[in-house]
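File shown: protein_14.txt. Contents: compact mmCIF, C-alpha atoms and all ligand atoms.
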# COMPACT_ATOMS: atom_id res chain seq x y z
CA MET A 1183 132.50 35.72 -26.97
CA CYS A 1184 136.16 35.72 -26.05
CA PHE A 1185 138.64 33.82 -28.18
CA GLN A 1186 141.64 32.34 -26.48
CA PHE A 1187 143.96 32.63 -29.49
CA THR A 1188 144.51 35.11 -32.29
CA ALA A 1189 144.24 33.90 -35.89
CA GLU A 1190 148.02 34.01 -36.18
CA GLU A 1191 148.41 31.89 -33.05
CA ILE A 1192 145.93 29.34 -34.34
CA ARG A 1193 147.81 29.15 -37.62
CA GLN A 1194 151.08 28.70 -35.74
CA ARG A 1195 149.60 25.98 -33.51
CA LYS A 1196 148.20 24.13 -36.51
CA PHE A 1197 151.54 24.34 -38.22
CA THR A 1198 153.34 23.14 -35.10
CA LYS A 1199 150.93 20.25 -34.68
CA ARG A 1200 151.34 19.17 -38.26
CA GLY A 1201 155.09 19.67 -38.00
CA LEU A 1202 157.58 19.60 -40.78
CA SER A 1203 159.10 16.68 -42.56
CA LEU A 1204 161.94 16.00 -44.94
CA ASN A 1205 163.06 12.91 -46.82
CA VAL A 1206 166.85 12.72 -46.99
CA LEU A 1207 168.93 10.13 -48.82
CA LEU A 1208 172.52 9.61 -47.67
CA VAL A 1209 174.70 8.02 -50.31
CA GLY A 1210 178.25 6.98 -49.61
CA GLU A 1211 180.54 4.05 -49.08
CA ASN A 1212 180.44 2.13 -45.82
CA GLY A 1213 182.19 3.92 -42.99
CA THR A 1214 182.11 7.39 -44.57
CA GLY A 1215 180.24 8.86 -41.59
CA LYS A 1216 176.63 8.89 -42.83
CA LYS A 1217 175.12 7.59 -39.61
CA THR A 1218 177.37 9.79 -37.48
CA PHE A 1219 176.09 12.75 -39.49
CA ILE A 1220 172.49 11.83 -38.64
CA ASN A 1221 173.42 11.34 -34.97
CA THR A 1222 174.96 14.80 -34.99
CA LEU A 1223 171.95 16.32 -36.72
CA SER A 1224 169.54 14.80 -34.21
CA ASN A 1225 171.95 15.32 -31.31
CA ARG A 1226 171.46 11.79 -30.06
CA ASN A 1227 172.94 8.38 -30.66
CA TYR A 1228 170.25 7.02 -32.91
CA PHE A 1229 172.80 4.79 -34.64
CA ASN A 1230 175.59 2.90 -32.97
CA THR A 1231 178.66 4.20 -34.76
CA ILE A 1232 181.33 3.28 -32.26
CA SER A 1233 183.03 0.58 -34.26
CA GLU A 1234 185.04 1.62 -37.31
CA THR A 1235 184.03 -1.41 -39.33
CA VAL A 1236 180.46 -2.56 -39.52
CA ASP A 1237 179.58 -6.09 -40.43
CA HIS A 1238 177.72 -5.67 -43.69
CA SER A 1239 177.91 -9.36 -44.56
CA GLY A 1240 174.31 -9.98 -43.46
CA ASN A 1241 172.89 -9.20 -46.87
CA GLY A 1242 175.72 -10.72 -48.85
CA GLY A 1243 177.31 -7.36 -49.59
CA LYS A 1244 174.36 -6.27 -51.74
CA LEU A 1245 173.55 -2.57 -52.10
CA GLU A 1246 170.51 -1.83 -50.02
CA ILE A 1247 168.81 1.25 -48.65
CA SER A 1248 167.77 1.28 -45.02
CA GLU A 1249 164.91 3.53 -43.90
CA HIS A 1250 164.60 5.31 -40.57
CA THR A 1251 162.28 7.91 -39.12
CA ILE A 1252 163.80 10.32 -36.64
CA ILE A 1253 162.05 13.21 -34.96
CA ILE A 1254 164.28 16.23 -34.55
CA ASP A 1255 163.29 19.10 -32.35
CA PRO A 1256 165.64 21.96 -33.12
CA ASN A 1257 163.52 24.90 -31.99
CA ALA A 1258 160.22 23.74 -30.61
CA ILE A 1259 158.78 22.81 -34.03
CA PRO A 1260 159.39 19.10 -34.48
CA ILE A 1261 160.81 17.94 -37.77
CA LYS A 1262 160.16 14.44 -38.96
CA LEU A 1263 163.24 13.34 -40.79
CA ASN A 1264 162.79 10.30 -42.99
CA VAL A 1265 166.30 9.06 -43.51
CA PHE A 1266 167.33 6.71 -46.30
CA ILE A 1267 170.88 5.34 -46.05
CA THR A 1268 172.85 3.25 -48.50
CA GLU A 1269 174.41 0.06 -47.16
CA ASN A 1270 177.23 -1.44 -49.23
CA PHE A 1271 177.40 1.32 -51.78
CA GLY A 1272 180.55 0.69 -53.89
CA PHE A 1273 181.35 -2.25 -51.63
CA ASN A 1274 181.90 -5.00 -54.16
CA LEU A 1275 184.53 -5.56 -56.83
CA GLU A 1276 181.86 -4.93 -59.43
CA ASN A 1277 179.65 -1.95 -58.59
CA SER A 1278 178.43 -0.87 -61.99
CA SER A 1279 174.79 -1.65 -61.14
CA ASN A 1280 174.78 0.64 -58.07
CA ALA A 1281 173.60 3.73 -59.94
CA THR A 1282 170.74 1.79 -61.55
CA THR A 1283 169.68 0.40 -58.18
CA LEU A 1284 169.59 3.87 -56.62
CA ILE A 1285 167.70 5.41 -59.52
CA LYS A 1286 165.19 2.57 -59.53
CA TYR A 1287 164.59 3.14 -55.86
CA ILE A 1288 163.92 6.83 -56.43
CA GLU A 1289 161.78 6.28 -59.52
CA ASN A 1290 159.70 3.57 -57.85
CA GLU A 1291 158.47 6.18 -55.44
CA TYR A 1292 157.83 8.64 -58.28
CA ASP A 1293 155.79 5.93 -60.00
CA ARG A 1294 153.77 5.28 -56.88
CA ILE A 1295 152.87 8.98 -56.58
CA LEU A 1296 152.14 9.18 -60.32
CA LYS A 1297 149.77 6.25 -60.06
CA HIS A 1298 147.99 7.87 -57.15
CA GLU A 1299 147.63 11.17 -59.01
CA ARG A 1300 145.86 9.33 -61.81
CA LEU A 1301 143.17 7.94 -59.55
CA ILE A 1302 139.83 9.62 -60.13
CA GLU A 1303 138.82 9.30 -56.51
CA ARG A 1304 141.65 10.21 -54.22
CA THR A 1305 140.42 9.57 -50.75
CA HIS A 1306 143.63 10.17 -48.86
CA ASN A 1307 147.09 11.58 -49.40
CA PRO A 1308 149.61 8.82 -49.85
CA ILE A 1309 152.69 8.77 -47.63
CA ASP A 1310 155.17 10.71 -49.72
CA LYS A 1311 158.54 9.01 -49.71
CA ARG A 1312 160.00 10.90 -52.63
CA ILE A 1313 163.59 11.88 -51.85
CA HIS A 1314 163.73 15.65 -51.32
CA VAL A 1315 167.48 15.89 -51.04
CA ALA A 1316 170.40 13.49 -51.46
CA LEU A 1317 173.69 14.03 -49.66
CA TYR A 1318 176.56 12.38 -51.49
CA PHE A 1319 179.44 11.57 -49.12
CA ILE A 1320 182.80 11.92 -50.84
CA ILE A 1321 186.01 10.63 -49.32
CA PRO A 1322 188.67 13.30 -49.89
CA THR A 1323 191.50 11.73 -51.85
CA GLY A 1324 193.13 14.79 -53.35
CA LYS A 1325 192.08 13.55 -56.76
CA GLY A 1326 188.60 14.99 -57.14
CA LEU A 1327 185.98 12.46 -58.15
CA ASN A 1328 186.59 8.94 -59.40
CA ASP A 1329 184.64 7.36 -62.26
CA PHE A 1330 182.29 5.60 -59.87
CA ASP A 1331 181.36 8.87 -58.11
CA ILE A 1332 180.94 10.64 -61.43
CA GLU A 1333 178.57 8.03 -62.80
CA ASN A 1334 176.47 7.91 -59.65
CA MET A 1335 176.35 11.65 -59.11
CA LYS A 1336 175.47 12.28 -62.72
CA LYS A 1337 172.48 9.96 -62.59
CA LEU A 1338 171.37 11.03 -59.13
CA GLY A 1339 171.58 14.73 -60.05
CA GLN A 1340 169.02 14.25 -62.79
CA ARG A 1341 166.48 12.73 -60.45
CA VAL A 1342 167.00 14.41 -57.07
CA ASN A 1343 168.33 17.56 -55.44
CA LEU A 1344 171.94 16.52 -55.02
CA ILE A 1345 174.34 18.01 -52.49
CA PRO A 1346 177.93 16.78 -52.43
CA VAL A 1347 179.60 16.52 -49.05
CA ILE A 1348 183.24 15.95 -48.10
CA SER A 1349 183.17 13.58 -45.18
CA LYS A 1350 185.55 13.43 -42.20
CA SER A 1351 187.05 16.77 -43.10
CA ASP A 1352 188.81 16.93 -39.72
CA GLY A 1353 191.50 14.85 -41.39
CA LEU A 1354 192.36 17.72 -43.76
CA THR A 1355 194.36 20.89 -43.35
CA GLU A 1356 192.75 24.10 -44.58
CA GLU A 1357 194.87 23.96 -47.70
CA GLU A 1358 194.04 20.32 -48.39
CA LEU A 1359 190.34 21.07 -47.98
CA ARG A 1360 190.56 23.94 -50.49
CA LEU A 1361 192.36 21.68 -52.96
CA ASN A 1362 189.82 18.89 -52.55
CA LYS A 1363 186.91 21.29 -52.98
CA ASP A 1364 188.45 22.78 -56.13
CA LEU A 1365 189.12 19.39 -57.69
CA ILE A 1366 185.65 18.09 -56.88
CA ASN A 1367 184.01 21.23 -58.32
CA LYS A 1368 186.15 20.92 -61.43
CA ALA A 1369 184.97 17.33 -61.93
CA ILE A 1370 181.35 18.38 -61.30
CA PHE A 1371 181.65 21.08 -63.95
CA GLU A 1372 183.51 19.00 -66.54
CA ASN A 1373 181.09 16.11 -66.25
CA ASN A 1374 177.93 18.22 -66.21
CA ILE A 1375 176.85 16.85 -62.87
CA GLU A 1376 173.66 18.56 -61.79
CA VAL A 1377 174.05 19.63 -58.18
CA PHE A 1378 171.53 21.65 -56.23
CA ASN A 1379 171.77 25.31 -57.17
CA PHE A 1380 171.27 27.63 -54.22
CA THR A 1381 171.38 30.75 -56.38
CA ASN A 1382 168.63 29.62 -58.71
CA ASP A 1383 165.75 31.41 -57.04
CA GLU A 1384 164.15 33.05 -60.06
CA GLU A 1385 161.00 34.20 -58.29
CA ASP A 1386 162.88 36.65 -56.11
CA SER A 1387 164.62 38.74 -58.73
CA PHE A 1388 163.76 40.46 -61.97
CA PRO A 1389 165.63 39.54 -65.13
CA GLY A 1390 168.68 41.67 -65.72
CA GLU A 1391 168.54 43.13 -62.26
CA GLU A 1392 171.45 42.38 -60.00
CA ASP A 1393 169.81 41.90 -56.63
CA GLU A 1394 172.19 42.00 -53.73
CA SER A 1395 169.66 41.44 -50.97
CA GLU A 1396 170.80 39.70 -47.79
CA ASP A 1397 169.09 36.55 -48.99
CA ASN A 1398 171.02 36.53 -52.23
CA ILE A 1399 174.30 37.02 -50.47
CA PHE A 1400 173.48 34.11 -48.17
CA MET A 1401 172.60 31.92 -51.18
CA LYS A 1402 175.89 32.83 -52.84
CA THR A 1403 177.76 31.91 -49.67
CA LEU A 1404 176.03 28.54 -49.65
CA GLN A 1405 176.80 27.99 -53.32
CA GLU A 1406 180.47 28.72 -52.73
CA LYS A 1407 180.63 26.19 -49.91
CA ILE A 1408 179.78 23.28 -52.22
CA PRO A 1409 180.94 20.59 -51.56
CA PHE A 1410 180.10 21.05 -47.88
CA ALA A 1411 182.88 19.87 -45.60
CA VAL A 1412 181.44 17.98 -42.65
CA ILE A 1413 182.73 16.61 -39.39
CA GLY A 1414 180.50 14.25 -37.43
CA ALA A 1415 180.56 14.55 -33.65
CA ASN A 1416 181.46 11.62 -31.43
CA SER A 1417 180.75 13.27 -28.10
CA VAL A 1418 179.09 16.17 -26.36
CA THR A 1419 180.96 18.31 -23.83
CA ASP A 1420 179.56 19.21 -20.39
CA GLU A 1421 178.68 22.60 -21.86
CA GLY A 1422 176.62 20.90 -24.55
CA HIS A 1423 179.03 21.39 -27.49
CA GLN A 1424 178.99 18.67 -30.10
CA VAL A 1425 182.60 17.73 -30.71
CA ARG A 1426 184.82 15.26 -32.49
CA THR A 1427 187.66 14.14 -30.30
CA ASN A 1428 190.63 12.59 -31.99
CA SER A 1429 194.19 12.06 -30.83
CA PHE A 1430 195.15 15.61 -31.81
CA ALA A 1431 192.28 17.82 -30.80
CA VAL A 1432 188.75 18.38 -29.63
CA ILE A 1433 186.88 19.95 -32.54
CA ASP A 1434 183.58 21.80 -32.17
CA VAL A 1435 181.63 20.68 -35.23
CA ASN A 1436 179.29 23.68 -34.99
CA ASP A 1437 182.17 26.14 -35.19
CA GLU A 1438 182.02 27.44 -38.75
CA THR A 1439 185.77 27.97 -38.83
CA ASN A 1440 186.22 24.20 -38.52
CA CYS A 1441 183.76 22.93 -41.14
CA ASP A 1442 180.49 23.58 -42.97
CA TYR A 1443 178.38 21.25 -40.82
CA LYS A 1444 176.40 24.06 -39.17
CA LEU A 1445 175.57 25.67 -42.50
CA LEU A 1446 174.42 22.38 -43.96
CA ARG A 1447 172.34 21.70 -40.87
CA ASN A 1448 170.65 25.09 -41.18
CA VAL A 1449 169.96 24.43 -44.84
CA LEU A 1450 168.43 21.01 -44.20
CA LEU A 1451 166.40 21.81 -41.11
CA GLY A 1452 165.73 25.48 -41.73
CA SER A 1453 166.20 27.61 -44.78
CA HIS A 1454 165.63 25.00 -47.50
CA ILE A 1455 163.27 22.45 -46.02
CA GLU A 1456 160.33 23.66 -48.12
CA GLU A 1457 162.49 24.60 -51.09
CA PHE A 1458 163.78 21.02 -51.40
CA LYS A 1459 160.22 19.74 -51.49
CA ASP A 1460 159.10 22.32 -54.04
CA THR A 1461 162.02 21.69 -56.39
CA THR A 1462 161.45 17.95 -56.06
CA ASN A 1463 157.77 18.21 -56.88
CA ASN A 1464 157.93 20.93 -59.53
CA GLY A 1465 161.28 20.04 -61.04
CA LYS A 1466 162.69 16.55 -60.60
CA TYR A 1467 159.42 14.68 -60.22
CA GLU A 1468 157.75 16.75 -62.93
CA ASP A 1469 160.59 15.93 -65.37
CA TYR A 1470 160.16 12.26 -64.58
CA ARG A 1471 156.37 12.46 -64.94
CA VAL A 1472 156.60 14.10 -68.35
CA GLN A 1473 159.27 11.67 -69.55
CA SER A 1474 157.41 8.66 -68.32
CA LEU A 1475 154.16 9.76 -69.97
CA THR A 1476 155.92 10.69 -73.20
CA PHE A 1477 157.53 7.29 -73.40
CA ASN A 1478 154.21 5.60 -72.69
CA PRO A 1479 151.74 7.40 -74.97
CA ASN A 1480 149.03 4.91 -74.07
CA GLU A 1481 149.19 6.15 -70.52
CA ILE A 1482 148.32 9.70 -71.49
CA ASN A 1483 144.67 8.95 -72.17
CA LYS A 1484 144.36 7.42 -68.74
CA LEU A 1485 145.03 10.75 -67.09
CA PRO A 1486 141.74 12.15 -65.81
CA GLN A 1487 142.88 15.75 -66.25
CA LEU A 1488 143.89 15.06 -69.83
CA LYS A 1489 140.64 13.27 -70.54
CA ILE A 1490 138.75 16.38 -69.51
CA TYR A 1491 141.15 18.56 -71.46
CA ASN A 1492 140.78 16.41 -74.58
CA ALA A 1493 136.99 16.45 -74.27
CA LEU A 1494 137.00 20.26 -74.06
CA ARG A 1495 139.31 20.50 -77.06
CA GLU A 1496 136.99 18.19 -78.97
CA GLU A 1497 133.97 20.33 -78.16
CA GLU A 1498 135.89 23.43 -79.19
CA ARG A 1499 136.75 21.85 -82.51
CA ARG A 1500 133.06 20.87 -83.07
CA ASN A 1501 131.86 24.38 -82.28
CA PHE A 1502 134.46 25.80 -84.56
CA SER A 1503 133.48 23.60 -87.49
CA ASN A 1504 129.77 24.54 -86.88
CA ILE A 1505 130.64 28.21 -87.31
CA LEU A 1506 132.42 27.54 -90.56
N1 LIG A 1601 187.61 11.40 -37.97
C1 LIG A 1601 186.30 11.30 -38.23
N2 LIG A 1601 185.69 10.11 -38.07
C2 LIG A 1601 184.36 10.04 -38.32
C3 LIG A 1601 183.61 11.15 -38.77
N3 LIG A 1601 182.32 10.77 -38.96
C4 LIG A 1601 182.29 9.47 -38.62
N4 LIG A 1601 183.51 9.01 -38.24
C5 LIG A 1601 183.85 7.66 -37.79
O1 LIG A 1601 183.85 6.78 -38.91
C6 LIG A 1601 183.31 5.52 -38.55
C7 LIG A 1601 182.14 5.15 -39.44
O2 LIG A 1601 181.13 6.11 -39.25
P1 LIG A 1601 179.58 5.77 -39.57
O3 LIG A 1601 178.84 7.01 -39.29
O4 LIG A 1601 179.17 4.55 -38.85
O5 LIG A 1601 179.67 5.49 -41.11
P2 LIG A 1601 178.51 5.11 -42.15
O6 LIG A 1601 178.78 5.89 -43.38
O7 LIG A 1601 177.20 5.25 -41.52
O8 LIG A 1601 178.83 3.63 -42.56
P3 LIG A 1601 178.38 2.23 -41.96
O9 LIG A 1601 178.23 2.35 -40.49
O10 LIG A 1601 179.50 1.34 -42.38
O11 LIG A 1601 177.10 1.88 -42.62
C8 LIG A 1601 182.95 5.62 -37.06
O12 LIG A 1601 184.01 5.12 -36.29
C9 LIG A 1601 182.80 7.11 -36.84
O13 LIG A 1601 183.07 7.52 -35.52
C10 LIG A 1601 184.29 12.40 -38.93
O14 LIG A 1601 183.73 13.43 -39.32
N5 LIG A 1601 185.63 12.41 -38.66
MG MG A 1602 178.87 2.73 -38.75

Give the structure from this file in structure tokens form.
Ligand SMILES: Nc1nc2c(ncn2[C@@H]2O[C@H](COP(=O)(O)OP(=O)(O)OP(=O)(O)O)[C@@H](O)[C@H]2O)c(=O)[nH]1
Ligand SMILES: [Mg+2]
Amino acid sequence: MCFQFTAEEIRQRKFTKRGLSLNVLLVGENGTGKKTFINTLSNRNYFNTISETVDHSGNGGKLEISEHTIIIDPNAIPIKLNVFITENFGFNLENSSNATTLIKYIENEYDRILKHERLIERTHNPIDKRIHVALYFIIPTGKGLNDFDIENMKKLGQRVNLIPVISKSDGLTEEELRLNKDLINKAIFENNIEVFNFTNDEEDSFPGEEDESEDNIFMKTLQEKIPFAVIGANSVTDEGHQVRTNSFAVIDVNDETNCDYKLLRNVLLGSHIEEFKDTTNNGKYEDYRVQSLTFNPNEINKLPQLKIYNALREEERRNFSNIL
């Protein structure tokens, strides 16, 4: 019998067929370039971003999260990007409930998965809409972070992998960008905001051993880029370069000397796509799961795994007392 494909090829085909997916939340005020970023990432005009001001009056100025599914095909393996975008974030005079609204949105999905995990018979995998990574769009003001950003980033960082981004960085000189990055990082540090840590890959190194592998150097480079400076493209040249054209210049957004867009793109669609999911499931979601069960002790007995565990412990105790 002659097989058409090797085992490796079959694995690759299966993988390709199944594809990859990522759930990304984009948080930022209206007009900060969130949709342009997604257009640039997918290299097509999924969103109409031509007008500077969007009419957000349709929902009475209320903070909402719009959901979109976009298939991106960077190198033959399609990636299903589930995009969640804030509308009217920080839009009103009074925005103090924004953080709560965002966290509720994230936790609702955690609750849904938690509920499903507790079912004894799980016939199918639920659609997983847990946010794997949140990009927080910061307008560079030369003043670091304001109180509103601090409050929102603090809360978001506890629940999701948070990556701060400086939007529209084409408006900054190199020196201004450095200053903005420094001030934002200072505010992140002073306020204990939990941002995604690229250098936190414990599995790869032994304690006490300074590992300077290529991977580690790359992770350090990424870490030092935080907050990532992005420029969203508004056109594509005849040669296929994604550029932002303003009255001064034509800027190639994929040129790493202009901004960090390319790095961030590679992180999202390449190097960290699985990592974001793992840290969500094993870190952020797990923290929430434990907290939510601890605060609801009645719920614990409903867990099938725990029921079995408790029964075994009970039997152990009985056997033990028989011996005595
Ligand atoms: N100079 C510059 N302008 C940008 C950049 N990214 C987006 N813009 C422009 O800013 C405006 C708003 O961009 P959007 O992408 O629509 O902003 P949004 O955050 O999605 O906000 P809403 O559309 O209001 O929901 C548009 O005119 C974009 O062309 C950038 O990197 N630099
Ligand atoms: Mg727009």

Under the rule of at most 7 Å, produce a per-residue listing of chain A near ligand LIG 1601 (chain A): chain, number, name, the closest pair of atoms, and the distance in Å, as CSV, using only C-alpha atoms and all ligand atoms.
residue,atom,partner,partner_atom,distance
A:Gly1210,CA,A:LIG1601,O6,6.3
A:Glu1211,CA,A:LIG1601,O6,6.2
A:Asn1212,CA,A:LIG1601,O10,3.7
A:Gly1213,CA,A:LIG1601,O8,3.4
A:Thr1214,CA,A:LIG1601,O6,3.8
A:Gly1215,CA,A:LIG1601,O3,3.3
A:Lys1216,CA,A:LIG1601,O6,3.7
A:Lys1217,CA,A:LIG1601,O7,3.7
A:Thr1218,CA,A:LIG1601,O3,3.6
A:Phe1219,CA,A:LIG1601,O3,6.4
A:Thr1231,CA,A:LIG1601,O4,4.1
A:Ile1232,CA,A:LIG1601,O12,5.2
A:Ser1233,CA,A:LIG1601,O12,5.1
A:Glu1234,CA,A:LIG1601,O12,3.8
A:Thr1235,CA,A:LIG1601,O10,6.1
A:Val1236,CA,A:LIG1601,O10,4.9
A:Glu1269,CA,A:LIG1601,O11,5.6
A:Ser1349,CA,A:LIG1601,O14,5.9
A:Lys1350,CA,A:LIG1601,O14,3.4
A:Ser1351,CA,A:LIG1601,O14,6.0
A:Asp1352,CA,A:LIG1601,N5,5.6
A:Gly1353,CA,A:LIG1601,N1,6.2
A:Val1412,CA,A:LIG1601,O14,6.1
A:Ile1413,CA,A:LIG1601,O14,3.3
A:Gly1414,CA,A:LIG1601,O14,3.8
A:Ala1415,CA,A:LIG1601,O14,6.6
A:Asn1416,CA,A:LIG1601,O13,6.0
A:Arg1426,CA,A:LIG1601,N5,6.8
A:Asn1428,CA,A:LIG1601,N1,6.8

request  = Pick out the residues sitting within 7 Å of region 1289-1298 of chain A, and hand them over as an MDAnalysis selection string; count all atoms listed in the file, and ignore anything fewer than 4 positions along from it in its own chain.
outcome  = chainID A and resid 1285 1311:1312 1467

Could you please take those selected residues and save C-alpha atoms as an mmCIF file, in the coordinates of the input?
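Writing done, so here's out.cif:
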data_model
loop_
_atom_site.group_PDB
_atom_site.id
_atom_site.type_symbol
_atom_site.label_atom_id
_atom_site.label_comp_id
_atom_site.auth_asym_id
_atom_site.auth_seq_id
_atom_site.Cartn_x
_atom_site.Cartn_y
_atom_site.Cartn_z
ATOM 1 C CA ILE A 1285 167.700 5.410 -59.520
ATOM 2 C CA LYS A 1311 158.540 9.010 -49.710
ATOM 3 C CA ARG A 1312 160.000 10.900 -52.630
ATOM 4 C CA TYR A 1467 159.420 14.680 -60.220
#

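Using all atoms listed in the file, the nearest neighbour of Thr1282 (chain A) within the list A:Leu1245, A:Ala1316, A:Ile1433, A:Ile1259 is A:Leu1245.
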
task = May I ask for the distance between CA of Val1418 (chain A) and CA of Cys1441 (chain A), given in Å to one decimal place?
result =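 Result for CA of Val1418 (chain A) versus CA of Cys1441 (chain A): 16.9 Å, one decimal.
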
inquiry  = Show me the residues close to (162.5, 7.8, -41.1) - anything with an atom within 10 Å, counting all atoms listed in the file - and format the list as an MDAnalysis selection string.
reply    = chainID A and resid 1203:1206 1248:1253 1262:1266 1311

note = Computed gap from CA of Asn1440 (chain A) to CA of Gln1424 (chain A) is 12.4 Å

Nearest to His1423 (chain A), chosen from A:Glu1333, A:Thr1222, A:Val1209, A:Ser1279, with all atoms listed in the file counted in the distances =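 Closest candidate: A:Thr1222.
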
note = Using all atoms listed in the file, the residue out of A:Leu1301, A:Asp1434, A:Arg1447, A:Val1377 with shortest distance to Glu1421 (chain A) is A:Asp1434

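Shortest separation to Gly1272 (chain A) among A:Asn1307, A:Asp1331, A:Ala1258, A:Ser1224 occurs at residue A:Asp1331, atoms counted being all atoms listed in the file.
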
request  = Please identify all polymer residues within 12 Å of Arg1360 (chain A), counting only C-alpha atoms, omitting same-chain residues fewer than 2 positions from it, and present them as a PyMOL selection string.
outcome  = chain A and resi 1322+1324+1326+1348+1351+1354-1358+1362-1367+1406-1411+1441

ask   = What is the CA of Val1425 (chain A) to CA of Pro1260 (chain A) distance in Å?
value = 23.6 Å

remark   = With distances taken over only C-alpha atoms, the candidate from A:Ser1395, A:Thr1381, A:Asn1270, A:Ala1369 nearest Met1335 (chain A) is A:Ala1369

message = Using all atoms listed in the file and a cutoff of 12 Å, can you tell me which residues are near (179.4, 18.1, -67.9) in the file's coordinates, and write them out as JSON, numbers by chain?
response = {"A": [1332, 1333, 1335, 1336, 1337, 1339, 1367, 1368, 1369, 1370, 1371, 1372, 1373, 1374, 1375, 1376, 1377]}

How about completing region 1465-1479 of chain A with N, CA and C atoms and giving it to me as a PDB file, keeping the file's coordinate frame?
ATOM      1  N   GLY A1465     160.154  20.214 -60.125  1.00  0.00           N
ATOM      2  CA  GLY A1465     161.280  20.040 -61.040  1.00  0.00           C
ATOM      3  C   GLY A1465     161.589  18.577 -61.326  1.00  0.00           C
ATOM      4  N   LYS A1466     162.195  17.924 -60.376  1.00  0.00           N
ATOM      5  CA  LYS A1466     162.690  16.550 -60.600  1.00  0.00           C
ATOM      6  C   LYS A1466     161.559  15.561 -60.874  1.00  0.00           C
ATOM      7  N   TYR A1467     160.540  15.604 -60.038  1.00  0.00           N
ATOM      8  CA  TYR A1467     159.420  14.680 -60.220  1.00  0.00           C
ATOM      9  C   TYR A1467     158.650  15.010 -61.495  1.00  0.00           C
ATOM     10  N   GLU A1468     158.480  16.304 -61.740  1.00  0.00           N
ATOM     11  CA  GLU A1468     157.750  16.750 -62.930  1.00  0.00           C
ATOM     12  C   GLU A1468     158.465  16.275 -64.200  1.00  0.00           C
ATOM     13  N   ASP A1469     159.801  16.405 -64.222  1.00  0.00           N
ATOM     14  CA  ASP A1469     160.590  15.930 -65.370  1.00  0.00           C
ATOM     15  C   ASP A1469     160.330  14.442 -65.583  1.00  0.00           C
ATOM     16  N   TYR A1470     160.361  13.711 -64.483  1.00  0.00           N
ATOM     17  CA  TYR A1470     160.160  12.260 -64.580  1.00  0.00           C
ATOM     18  C   TYR A1470     158.758  11.948 -65.090  1.00  0.00           C
ATOM     19  N   ARG A1471     157.773  12.674 -64.568  1.00  0.00           N
ATOM     20  CA  ARG A1471     156.370  12.460 -64.940  1.00  0.00           C
ATOM     21  C   ARG A1471     156.195  12.674 -66.445  1.00  0.00           C
ATOM     22  N   VAL A1472     156.731  13.777 -66.932  1.00  0.00           N
ATOM     23  CA  VAL A1472     156.600  14.100 -68.350  1.00  0.00           C
ATOM     24  C   VAL A1472     157.301  13.032 -69.191  1.00  0.00           C
ATOM     25  N   GLN A1473     158.529  12.685 -68.787  1.00  0.00           N
ATOM     26  CA  GLN A1473     159.270  11.670 -69.550  1.00  0.00           C
ATOM     27  C   GLN A1473     158.521  10.355 -69.544  1.00  0.00           C
ATOM     28  N   SER A1474     158.029   9.973 -68.405  1.00  0.00           N
ATOM     29  CA  SER A1474     157.410   8.660 -68.320  1.00  0.00           C
ATOM     30  C   SER A1474     156.112   8.621 -69.109  1.00  0.00           C
ATOM     31  N   LEU A1475     155.377   9.740 -69.172  1.00  0.00           N
ATOM     32  CA  LEU A1475     154.160   9.760 -69.970  1.00  0.00           C
ATOM     33  C   LEU A1475     154.467   9.863 -71.465  1.00  0.00           C
ATOM     34  N   THR A1476     155.553  10.562 -71.783  1.00  0.00           N
ATOM     35  CA  THR A1476     155.920  10.690 -73.200  1.00  0.00           C
ATOM     36  C   THR A1476     156.362   9.346 -73.758  1.00  0.00           C
ATOM     37  N   PHE A1477     157.060   8.593 -72.912  1.00  0.00           N
ATOM     38  CA  PHE A1477     157.530   7.290 -73.400  1.00  0.00           C
ATOM     39  C   PHE A1477     156.429   6.246 -73.406  1.00  0.00           C
ATOM     40  N   ASN A1478     155.340   6.529 -72.692  1.00  0.00           N
ATOM     41  CA  ASN A1478     154.210   5.600 -72.690  1.00  0.00           C
ATOM     42  C   ASN A1478     152.970   6.331 -73.167  1.00  0.00           C
ATOM     43  N   PRO A1479     152.861   6.598 -74.487  1.00  0.00           N
ATOM     44  CA  PRO A1479     151.740   7.400 -74.970  1.00  0.00           C
ATOM     45  C   PRO A1479     150.384   6.815 -74.586  1.00  0.00           C
TER      46      PRO A1479
END
